[in-house]
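These notes concern the structure reproduced below.
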Amino acid sequence: MSVTVRVPAKVNVQLAVGGARPDGFHDLANVFLAVGLYDEVTVSAAPSLTVTCSGPDAAQVPLDRTNLAARAAELLAARHGLSPDVHIHIDKDIPVAGGMAGGSADGAGALLACDALWGLGSSRAELLSICAELGSDVPFSLVGGAALGTGRGERLTELAVGGDFHWVFAVADGGLSTPAVYGEFDRLNASVAVPAPTASPALLEALRTGEATALAGALANDLQPAALSLRPSLSATLAAGMSAGALAGIVSGSGPTTAFLAKDADGAASIAESLTASGTCRAARPTSSPARGATVL
């Protein structure tokens, strides 16, 4: 017997970052939107815990117990006095180390799949508690849709979305380390007082009404200067997307994937074609949002 869970990527339509806390984390006002790029995580009984991966950039995915999918199986098993003897296979389509929470998605997917495989029937609250132990983005990967994440991003308030938004994601060569981007954020802001992060009322209203033009005017990512500092070539990708007709362009999370908001599906397809031809990115993927969170197939 096996269980397969489909889990979405995310884009941060707002990422407001506070100063470094004593524990090394940063307080965030993180507005997540799940988008229609997915990994599928399949778990089945096995003699011991193993992880395999297929799909684009699969060679970059760790297959040991540092993988969040493996850690999810271990944490859930430990809570119930079980041994995490499963084979986890990740069919990966979310860019690796791209600022779209692909690793977090795999953790949430493995958690839900193991819960179903083992017949545990865990409550949503219990699953979210384990997600928060795994990492700041993992709870949202379970929930999907749209949500405001506070604390270090793990405390979620679900948000209403009044319509579909159309996106293009430009995939860069190579990844960016999230800790490195936060470190660069700290370096760039060492001499200034970083304000407490707050969600933008205009952005929340744009999500509620489904107005793409209004959302385009409110997109914000406090990590973008740090990502551009570490990867200056992303500026050319952002410029190419805007020249192709995007309503707005932004670095997704800690990067290096860049996200472009389009007027409609046809516009997204045209922007993706132009970005691919521009030579400023490795691939350009049109899709839409919001998307459902982790779902058993």
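Every chain in the structure tokens takes a letter, A first, then B, and so on in the order presented; its residues are numbered from 1, and the ligands are numbered from 1 following the presented order.
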Quick one: everything within 10 Å of Pro95 of chain A, counting only C-alpha atoms, minus sequence neighbours fewer than 4 positions away in the same chain. Send it as a short mmCIF file (atom, residue, chain, number, x, y, z; two decimals) with C-alpha atoms, in the first residue's frame.
```
data_model
loop_
_atom_site.label_atom_id
_atom_site.label_comp_id
_atom_site.auth_asym_id
_atom_site.auth_seq_id
_atom_site.Cartn_x
_atom_site.Cartn_y
_atom_site.Cartn_z
CA ALA A 9 4.64 25.82 -4.22
CA LEU A 37 3.27 24.19 -9.29
CA TYR A 38 3.37 20.93 -7.36
CA ASP A 39 5.51 18.19 -5.90
CA GLY A 55 12.13 15.28 -11.69
CA PRO A 56 13.96 18.51 -12.61
CA ASP A 57 16.95 19.23 -10.34
CA ALA A 58 16.38 16.00 -8.41
CA GLY A 99 12.41 30.59 -2.74
CA MET A 100 9.15 28.72 -3.43
CA ALA A 101 9.17 26.42 -0.36
CA GLY A 102 9.76 23.20 -2.28
CA GLY A 103 11.51 21.50 0.63
CA PHE A 169 7.91 32.05 -12.40
CA ALA A 170 11.35 32.50 -13.91
CA VAL A 171 13.69 29.76 -12.69
CA ALA A 172 17.33 30.80 -12.27
CA GLY A 174 21.49 27.41 -9.22
CA GLY A 175 19.86 28.15 -5.89
CA PRO A 256 16.48 33.20 -6.84
CA THR A 257 13.15 32.43 -8.56
#
```
Exercise. If you run DSSP on this backbone, which residues of segment 45-268 of chain A come out as helix (DSSP H, G or I), and could you give them as a PyMOL selection string?
Worked result: chain A and resi 58-60+68-79+102-117+124-134+138-143+178-188+201-209+212-218+224-230+234-243+265-268
Exercise. By how many Å are atom CA of Thr157 of chain A and atom CA of Asp23 of chain A apart?
Worked result: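 Result for atom CA of Thr157 of chain A versus atom CA of Asp23 of chain A: 23.4 Å, one decimal.
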Exercise. Which residue out of A:Trp118, A:Trp167, A:Phe25, A:Tyr182 has the minimum interatomic distance to Leu223 of chain A when only C-alpha atoms are used?
Worked result: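 Ranking A:Trp118, A:Trp167, A:Phe25, A:Tyr182 by distance to Leu223 of chain A, first place goes to A:Tyr182.
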Residues of segment 174-276 of chain A classed as strand (DSSP E) by DSSP on the backbone are to be reported as a PDB file with C-alpha atoms, in the first residue's frame.
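Once everything was written out, this is out.pdb:
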```pdb
ATOM      1  CA  ALA A 220       6.745  43.812  -1.547  1.00  0.00           C
ATOM      2  CA  ASN A 221       9.705  41.704  -0.467  1.00  0.00           C
ATOM      3  CA  ALA A 248       4.765  43.598 -11.510  1.00  0.00           C
ATOM      4  CA  GLY A 249       7.850  41.503 -10.838  1.00  0.00           C
ATOM      5  CA  ILE A 250       9.360  40.409  -7.552  1.00  0.00           C
ATOM      6  CA  VAL A 251      11.928  37.995  -6.159  1.00  0.00           C
ATOM      7  CA  THR A 258      11.457  35.624  -9.743  1.00  0.00           C
ATOM      8  CA  ALA A 259       7.681  35.975  -9.919  1.00  0.00           C
ATOM      9  CA  PHE A 260       5.727  38.061 -12.428  1.00  0.00           C
ATOM     10  CA  LEU A 261       2.066  38.950 -12.053  1.00  0.00           C
ATOM     11  CA  ALA A 262       0.121  38.965 -15.325  1.00  0.00           C
TER      12      ALA A 262
END
```
Problem set entry | Shortest interatomic distance to His26 of chain A - which of A:Leu230, A:Met242, A:Val168, A:Val194, counting only C-alpha atoms | A:Val194
